[in-house]
$ cat start38.cif   # mmCIF, C-alpha atoms
data_target
loop_
_atom_site.label_atom_id
_atom_site.label_comp_id
_atom_site.auth_asym_id
_atom_site.auth_seq_id
_atom_site.Cartn_x
_atom_site.Cartn_y
_atom_site.Cartn_z
CA MET A 236 -11.99 -7.20 -8.00
CA ALA A 237 -13.00 -5.74 -11.33
CA ALA A 238 -13.52 -2.08 -12.07
CA CYS A 239 -15.93 -0.74 -14.65
CA PRO A 240 -14.08 -0.58 -18.04
CA ALA A 241 -14.74 3.16 -18.45
CA ARG A 242 -13.45 3.90 -14.97
CA ARG A 243 -10.46 1.68 -15.52
CA SER A 244 -9.42 3.53 -18.73
CA VAL A 245 -9.71 6.92 -17.06
CA LEU A 246 -7.79 5.60 -14.08
CA GLU A 247 -5.11 4.09 -16.32
CA GLY A 248 -4.78 7.44 -18.10
CA ILE A 249 -4.31 9.25 -14.80
CA LEU A 250 -1.75 6.68 -13.69
CA PHE A 251 0.13 7.06 -16.98
CA LEU A 252 0.31 10.84 -16.51
CA LEU A 253 1.48 10.42 -12.93
CA LEU A 254 4.20 8.02 -14.04
CA LEU A 255 5.25 10.34 -16.85
CA CYS A 256 5.56 13.31 -14.50
CA GLU A 257 7.25 11.27 -11.80
CA ALA A 258 9.80 9.39 -13.95
CA PRO A 259 12.62 11.99 -13.67
CA SER A 260 12.26 12.18 -9.89
CA LEU A 261 12.30 8.38 -9.58
CA ARG A 262 15.53 8.18 -11.57
CA ALA A 263 17.10 10.90 -9.43
CA GLN A 264 16.03 9.23 -6.18
CA SER A 265 18.89 7.69 -4.26
CA ASN A 266 18.68 4.50 -2.26
CA ASP A 267 18.63 6.55 0.93
CA VAL A 268 15.21 7.20 2.37
CA SER A 269 14.74 10.84 3.15
CA SER A 270 13.65 11.94 6.59
CA GLU A 271 11.11 14.13 4.81
CA PRO A 272 7.50 13.06 5.32
CA ILE A 273 6.21 10.74 2.61
CA VAL A 274 3.55 12.27 0.40
CA VAL A 275 1.69 9.78 -1.78
CA PRO A 276 -1.10 10.41 -4.27
CA VAL A 277 -4.68 9.77 -3.14
CA LEU A 278 -6.82 9.74 -6.27
CA GLY A 279 -10.57 9.52 -6.75
CA PRO A 280 -13.30 11.51 -5.05
CA THR A 281 -11.76 14.24 -2.89
CA ASN A 282 -11.82 13.41 0.80
CA PRO A 283 -9.42 15.52 2.90
CA ARG A 284 -9.90 13.30 5.96
CA LEU A 285 -8.99 10.19 3.96
CA ARG A 286 -5.95 11.91 2.45
CA GLN A 287 -4.73 12.96 5.91
CA ALA A 288 -5.32 9.46 7.32
CA VAL A 289 -3.49 7.81 4.40
CA LEU A 290 -0.49 10.12 4.75
CA ALA A 291 -0.35 9.50 8.50
CA ALA A 292 -0.62 5.72 8.02
CA VAL A 293 2.00 5.61 5.24
CA ASN A 294 4.43 7.65 7.33
CA GLU A 295 3.81 5.42 10.34
CA ALA A 296 4.37 2.35 8.14
CA SER A 297 7.66 3.87 6.98
CA ARG A 298 8.72 4.46 10.59
CA LYS A 299 7.90 0.82 11.40
CA LEU A 300 10.11 -0.31 8.50
CA GLU A 301 13.09 1.44 10.10
CA LYS A 302 13.30 -1.59 12.41
CA ALA A 303 15.00 -4.74 11.09
CA GLU A 304 12.38 -6.97 12.74
CA CYS A 305 9.60 -5.24 10.81
CA ARG A 306 11.51 -5.48 7.51
CA ARG A 307 11.53 -9.26 7.96
CA ILE A 308 7.91 -9.28 6.69
CA PHE A 309 9.38 -9.15 3.18
CA ALA A 310 11.25 -12.41 3.82
CA ASP A 311 8.22 -14.04 5.49
CA PHE A 312 6.11 -14.13 2.34
CA ASN A 313 6.60 -15.30 -1.24
CA ASP A 314 5.18 -14.00 -4.48
CA LEU A 315 3.12 -16.18 -6.79
CA SER A 316 6.29 -17.61 -8.39
CA GLY A 317 7.78 -18.64 -5.02
CA ARG A 318 10.34 -15.83 -4.72
CA THR A 319 10.42 -13.95 -1.41
CA LEU A 320 9.12 -10.41 -1.46
CA GLN A 321 12.55 -9.30 -0.25
CA GLN A 322 14.01 -10.81 -3.41
CA GLU A 323 11.45 -8.83 -5.40
CA LEU A 324 12.51 -5.63 -3.63
CA ASN A 325 16.15 -6.48 -4.41
CA VAL A 326 15.33 -6.97 -8.10
CA LEU A 327 13.50 -3.63 -8.12
CA GLY A 328 16.44 -1.97 -6.35
CA ARG A 329 14.18 -0.67 -3.59
CA THR A 330 13.79 -0.83 0.13
CA GLY A 331 10.39 -1.34 1.70
CA GLN A 332 10.31 2.36 2.53
CA MET A 333 11.09 3.31 -1.05
CA HIS A 334 8.34 0.99 -2.28
CA LEU A 335 5.81 2.77 -0.04
CA ARG A 336 6.60 6.00 -1.94
CA TRP A 337 5.81 4.19 -5.21
CA LEU A 338 2.26 3.26 -4.20
CA ILE A 339 -0.78 5.21 -5.36
CA PHE A 340 -3.96 5.20 -3.29
CA TYR A 341 -7.49 5.49 -4.62
CA ASN A 342 -10.68 6.49 -2.81
CA ALA A 343 -12.87 3.56 -3.80
CA SER A 344 -16.00 4.85 -2.06
CA SER A 345 -18.14 4.19 -5.14
CA GLU A 346 -16.90 0.61 -5.61
CA LYS A 347 -19.30 -2.19 -4.67
CA PHE A 348 -16.74 -4.05 -2.57
CA CYS A 349 -16.68 -1.13 -0.11
CA ALA A 350 -20.27 -1.95 0.86
CA ASP A 351 -18.77 -4.91 2.74
CA ARG A 352 -17.79 -3.41 6.13
CA ASN A 353 -15.05 -6.05 6.44
CA VAL A 354 -13.17 -4.67 3.42
CA VAL A 355 -10.80 -1.82 4.26
CA ALA A 356 -8.42 -1.94 1.30
CA ALA A 357 -7.70 -4.01 -1.79
CA THR A 358 -4.76 -4.44 -4.11
CA ASN A 359 -3.98 -6.94 -6.84
CA PRO A 360 -0.62 -8.72 -6.76
CA ARG A 361 2.10 -6.53 -8.33
CA ALA A 362 -0.30 -3.60 -8.69
CA ARG A 363 0.71 -0.08 -7.80
CA LEU A 364 -2.81 1.08 -7.04
CA VAL A 365 -4.26 0.47 -3.57
CA TYR A 366 -8.04 0.84 -3.35
CA LEU A 367 -9.28 2.20 -0.03
CA CYS A 368 -12.78 2.06 1.43
CA PRO A 369 -12.82 5.45 3.16
CA ASP A 370 -15.33 4.77 5.93
CA GLN A 371 -13.58 1.59 7.02
CA PHE A 372 -10.05 3.02 6.63
CA LEU A 373 -10.92 6.17 8.61
CA GLU A 374 -12.48 4.04 11.34
CA ALA A 375 -9.35 1.85 11.52
CA GLU A 376 -7.08 4.90 11.61
CA PHE A 377 -9.19 6.60 14.28
CA LEU A 378 -9.56 3.58 16.56
CA VAL A 379 -5.96 2.32 16.37
CA PRO A 380 -3.62 4.44 14.20
CA GLY A 381 -0.97 1.71 14.18
CA TYR A 382 -3.52 -0.69 12.72
CA ALA A 383 -4.03 1.56 9.69
CA ALA A 384 -0.23 1.50 9.15
CA SER A 385 -0.31 -2.31 9.41
CA LEU A 386 -3.00 -2.40 6.73
CA ILE A 387 -0.80 -0.22 4.49
CA LEU A 388 2.06 -2.69 4.99
CA HIS A 389 -0.34 -5.57 4.25
CA GLU A 390 -1.28 -3.94 0.92
CA GLU A 391 2.40 -3.21 0.18
CA LEU A 392 3.05 -6.96 0.42
CA HIS A 393 0.37 -7.55 -2.22
CA SER A 394 1.87 -4.85 -4.42
CA LEU A 395 5.12 -6.82 -4.34
CA GLY A 396 3.37 -9.95 -5.59
CA LEU A 397 1.82 -11.65 -2.56
CA GLY A 398 -1.40 -13.44 -3.43
CA GLU A 399 -4.25 -14.08 -1.02
CA ASN A 400 -6.10 -17.22 0.05
CA PRO A 401 -3.55 -18.62 0.63
CA PRO A 402 -2.52 -17.02 2.85
CA PRO A 403 -5.77 -15.68 4.30
CA SER A 404 -6.02 -11.91 4.68
CA ARG A 405 -6.21 -12.12 8.47
CA GLU A 406 -3.03 -14.23 8.59
CA ILE A 407 -1.14 -11.59 6.58
CA THR A 408 -2.25 -8.77 8.88
CA VAL A 409 -1.47 -10.80 12.01
CA ALA A 410 2.06 -11.51 10.67
CA VAL A 411 2.60 -7.79 9.94
CA ILE A 412 1.48 -6.83 13.45
CA ALA A 413 3.65 -9.56 15.00
CA ARG A 414 6.75 -8.24 13.21
CA CYS A 415 5.99 -4.51 13.21
CA GLY A 416 3.73 -3.93 16.20
CA LEU A 417 0.66 -1.70 16.34
#

$ encode --input "start38.cif" --output "structure tokens"
Amino acid sequence: MAACPARRSVLEGILFLLLLCEAPSLRAQSNDVSSEPIVVPVLGPTNPRLRQAVLAAVNEASRKLEKAECRRIFADFNDLSGRTLQQELNVLGRTGQMHLRWLIFYNASSEKFCADRNVVAATNPRARLVYLCPDQFLEAEFLVPGYAASLILHEELHSLGLGENPPPSREITVAVIARCGL
């Protein structure tokens, strides 16, 4: 997936500012996950329904990660260098729930890949930014809210370094649902 260079520089600038503003709070964050609802940034064209759906799905994903069986998804997959994603979390000093708070979501409604109705979200390995196709994500969240949370967990795995093809996208989502439920 490639973004237009002009869009990418604006987006990188926004991400830099977010990181700059967030750095003190990240340092002050303890290893304990707060019971407070997770609020993550949703950048791009304003879409209150998408923002609400993302927040609901991220919080549901966090609740799923409270269960040890669900957390095993991080041991089930390896990054591109062969290290398990759990090892990556350990190196980062994060839990899966903490890593969810680190992600930034982007309304990718104007991106060409969203024209494909089969694409709901996209993330590059080790990237912080998760691109969402609003129509598809809202449909997934509306039809089966737990499925939207599973898709968030799927993208979290990519953000930790999981590549795709192999394993196929469907296989990743099926493994998340098998461990974490719907």

$ closest_residue --input "start38.cif" --among "A:Ala296, A:Val274, A:Pro402, A:Asn325" --to "Ala310 (chain A)" --atoms "only C-alpha atoms"
A:Asn325

$ residues_around --input "start38.cif" --residues "Val411 (chain A)" --least-positions-apart "2" --cutoff "12 Å" --atoms "all atoms listed in the file" --output "ChimeraX atom specification"
/A:296,299-300,304-312,381-392,404-409,413-417

$ write_last_selection --input "start38.cif" --atoms "C-alpha atoms" --output "mmCIF file, keeping the file's coordinate frame"
data_model
loop_
_atom_site.group_PDB
_atom_site.id
_atom_site.type_symbol
_atom_site.label_atom_id
_atom_site.label_comp_id
_atom_site.auth_asym_id
_atom_site.auth_seq_id
_atom_site.Cartn_x
_atom_site.Cartn_y
_atom_site.Cartn_z
ATOM 1 C CA ALA A 296 4.370 2.350 8.140
ATOM 2 C CA LYS A 299 7.900 0.820 11.400
ATOM 3 C CA LEU A 300 10.110 -0.310 8.500
ATOM 4 C CA GLU A 304 12.380 -6.970 12.740
ATOM 5 C CA CYS A 305 9.600 -5.240 10.810
ATOM 6 C CA ARG A 306 11.510 -5.480 7.510
ATOM 7 C CA ARG A 307 11.530 -9.260 7.960
ATOM 8 C CA ILE A 308 7.910 -9.280 6.690
ATOM 9 C CA PHE A 309 9.380 -9.150 3.180
ATOM 10 C CA ALA A 310 11.250 -12.410 3.820
ATOM 11 C CA ASP A 311 8.220 -14.040 5.490
ATOM 12 C CA PHE A 312 6.110 -14.130 2.340
ATOM 13 C CA GLY A 381 -0.970 1.710 14.180
ATOM 14 C CA TYR A 382 -3.520 -0.690 12.720
ATOM 15 C CA ALA A 383 -4.030 1.560 9.690
ATOM 16 C CA ALA A 384 -0.230 1.500 9.150
ATOM 17 C CA SER A 385 -0.310 -2.310 9.410
ATOM 18 C CA LEU A 386 -3.000 -2.400 6.730
ATOM 19 C CA ILE A 387 -0.800 -0.220 4.490
ATOM 20 C CA LEU A 388 2.060 -2.690 4.990
ATOM 21 C CA HIS A 389 -0.340 -5.570 4.250
ATOM 22 C CA GLU A 390 -1.280 -3.940 0.920
ATOM 23 C CA GLU A 391 2.400 -3.210 0.180
ATOM 24 C CA LEU A 392 3.050 -6.960 0.420
ATOM 25 C CA SER A 404 -6.020 -11.910 4.680
ATOM 26 C CA ARG A 405 -6.210 -12.120 8.470
ATOM 27 C CA GLU A 406 -3.030 -14.230 8.590
ATOM 28 C CA ILE A 407 -1.140 -11.590 6.580
ATOM 29 C CA THR A 408 -2.250 -8.770 8.880
ATOM 30 C CA VAL A 409 -1.470 -10.800 12.010
ATOM 31 C CA ALA A 413 3.650 -9.560 15.000
ATOM 32 C CA ARG A 414 6.750 -8.240 13.210
ATOM 33 C CA CYS A 415 5.990 -4.510 13.210
ATOM 34 C CA GLY A 416 3.730 -3.930 16.200
ATOM 35 C CA LEU A 417 0.660 -1.700 16.340
#

$ resolve_selection --input "start38.cif" --expression "the PyMOL selection byres ((chain A and resi 353) around 12)" --output "PyMOL selection string"
chain A and resi 348-352+354-357+367-368+370-372+374-375+404-405

$ residues_around --input "start38.cif" --residues "Ala288 (chain A)" --least-positions-apart "2" --cutoff "9 Å" --atoms "only C-alpha atoms" --output "PyMOL selection string"
chain A and resi 283-286+290-293+372-373+376-377+380+383

$ resolve_selection --input "start38.cif" --expression "the PyMOL selection byres ((chain A and resi 323) around 12)" --output "count of residues only"
29

$ atom_distance --input "start38.cif" --atom1 "CA of Leu378 (chain A)" --atom2 "CA of Pro403 (chain A)"
23.1 Å

$ atom_distance --input "start38.cif" --atom1 "CA of Gly279 (chain A)" --atom2 "CA of Leu335 (chain A)"
18.9 Å

$ atom_distance --input "start38.cif" --atom1 "CA of Pro360 (chain A)" --atom2 "CA of Gly398 (chain A)"
5.8 Å

$ resolve_selection --input "start38.cif" --expression "the PyMOL selection byres ((chain A and resi 363) around 8)" --output "list in words"
Trp337, Leu338, Ile339, Thr358, Arg361, Ala362, Leu364, Val365 and Ser394 of chain A

$ write_last_selection --input "start38.cif" --atoms "C-alpha atoms" --output "compact mmCIF listing (two decimals), keeping the file's coordinate frame"
# COMPACT_ATOMS: atom_id res chain seq x y z
CA TRP A 337 5.81 4.19 -5.21
CA LEU A 338 2.26 3.26 -4.20
CA ILE A 339 -0.78 5.21 -5.36
CA THR A 358 -4.76 -4.44 -4.11
CA ARG A 361 2.10 -6.53 -8.33
CA ALA A 362 -0.30 -3.60 -8.69
CA LEU A 364 -2.81 1.08 -7.04
CA VAL A 365 -4.26 0.47 -3.57
CA SER A 394 1.87 -4.85 -4.42

$ closest_residue --input "start38.cif" --among "A:Glu399, A:Val379, A:Val275, A:Tyr366" --to "Arg336 (chain A)" --atoms "all atoms listed in the file"
A:Val275

$ closest_residue --input "start38.cif" --among "A:Asn359, A:Ser344, A:Asn400, A:Gln332" --to "Asn294 (chain A)" --atoms "only C-alpha atoms"
A:Gln332

$ closest_residue --input "start38.cif" --among "A:Lys347, A:Tyr341, A:Ile412, A:Ala303" --to "Asn282 (chain A)" --atoms "only C-alpha atoms"
A:Tyr341

$ closest_residue --input "start38.cif" --among "A:Phe340, A:Ala410, A:Ser297, A:Pro401" --to "Thr281 (chain A)" --atoms "all atoms listed in the file"
A:Phe340

$ build_atoms --input "start38.cif" --residues "region 290-318 of chain A" --atoms "N, CA and C atoms" --output "short mmCIF file (atom, residue, chain, number, x, y, z; two decimals), in the coordinates of the input"
data_model
loop_
_atom_site.label_atom_id
_atom_site.label_comp_id
_atom_site.auth_asym_id
_atom_site.auth_seq_id
_atom_site.Cartn_x
_atom_site.Cartn_y
_atom_site.Cartn_z
N LEU A 290 -1.85 9.59 4.56
CA LEU A 290 -0.49 10.12 4.75
C LEU A 290 0.05 9.76 6.12
N ALA A 291 -0.79 9.86 7.15
CA ALA A 291 -0.35 9.50 8.50
C ALA A 291 0.00 8.00 8.56
N ALA A 292 -0.84 7.16 7.97
CA ALA A 292 -0.62 5.72 8.02
C ALA A 292 0.62 5.32 7.21
N VAL A 293 0.82 5.92 6.06
CA VAL A 293 2.00 5.61 5.24
C VAL A 293 3.27 6.03 5.97
N ASN A 294 3.25 7.20 6.59
CA ASN A 294 4.43 7.65 7.33
C ASN A 294 4.69 6.79 8.55
N GLU A 295 3.63 6.34 9.21
CA GLU A 295 3.81 5.42 10.34
C GLU A 295 4.35 4.07 9.85
N ALA A 296 3.86 3.59 8.72
CA ALA A 296 4.37 2.35 8.14
C ALA A 296 5.86 2.49 7.82
N SER A 297 6.25 3.62 7.29
CA SER A 297 7.66 3.87 6.98
C SER A 297 8.51 3.85 8.25
N ARG A 298 8.00 4.48 9.31
CA ARG A 298 8.72 4.46 10.59
C ARG A 298 8.87 3.03 11.11
N LYS A 299 7.83 2.22 10.95
CA LYS A 299 7.90 0.82 11.40
C LYS A 299 8.99 0.08 10.63
N LEU A 300 9.12 0.38 9.34
CA LEU A 300 10.11 -0.31 8.50
C LEU A 300 11.54 0.11 8.80
N GLU A 301 11.73 1.08 9.67
CA GLU A 301 13.09 1.44 10.10
C GLU A 301 13.69 0.32 10.95
N LYS A 302 12.84 -0.51 11.54
CA LYS A 302 13.30 -1.59 12.41
C LYS A 302 13.51 -2.87 11.60
N ALA A 303 14.66 -3.51 11.82
CA ALA A 303 15.00 -4.74 11.09
C ALA A 303 13.94 -5.82 11.28
N GLU A 304 13.39 -5.94 12.48
CA GLU A 304 12.38 -6.97 12.74
C GLU A 304 11.15 -6.76 11.84
N CYS A 305 10.75 -5.53 11.67
CA CYS A 305 9.60 -5.24 10.81
C CYS A 305 9.93 -5.56 9.35
N ARG A 306 11.12 -5.22 8.91
CA ARG A 306 11.51 -5.48 7.51
C ARG A 306 11.51 -6.97 7.18
N ARG A 307 11.54 -7.81 8.20
CA ARG A 307 11.53 -9.26 7.96
C ARG A 307 10.22 -9.74 7.33
N ILE A 308 9.17 -8.89 7.35
CA ILE A 308 7.91 -9.28 6.69
C ILE A 308 8.13 -9.58 5.21
N PHE A 309 9.13 -8.93 4.61
CA PHE A 309 9.38 -9.15 3.18
C PHE A 309 10.03 -10.51 2.92
N ALA A 310 10.67 -11.07 3.94
CA ALA A 310 11.25 -12.41 3.82
C ALA A 310 10.25 -13.49 4.25
N ASP A 311 9.22 -13.09 4.99
CA ASP A 311 8.22 -14.04 5.49
C ASP A 311 7.27 -14.55 4.42
N PHE A 312 7.11 -13.79 3.35
CA PHE A 312 6.11 -14.13 2.34
C PHE A 312 6.76 -14.26 0.96
N ASN A 313 6.13 -15.08 0.13
CA ASN A 313 6.60 -15.30 -1.24
C ASN A 313 5.59 -14.75 -2.23
N ASP A 314 6.09 -14.40 -3.42
CA ASP A 314 5.18 -14.00 -4.48
C ASP A 314 4.59 -15.25 -5.13
N LEU A 315 3.81 -15.06 -6.16
CA LEU A 315 3.12 -16.18 -6.79
C LEU A 315 4.08 -17.16 -7.47
N SER A 316 5.31 -16.71 -7.76
CA SER A 316 6.29 -17.61 -8.39
C SER A 316 7.18 -18.30 -7.36
N GLY A 317 7.00 -17.99 -6.07
CA GLY A 317 7.78 -18.64 -5.02
C GLY A 317 8.96 -17.83 -4.52
N ARG A 318 9.24 -16.69 -5.14
CA ARG A 318 10.34 -15.83 -4.72
C ARG A 318 9.90 -15.00 -3.52
#
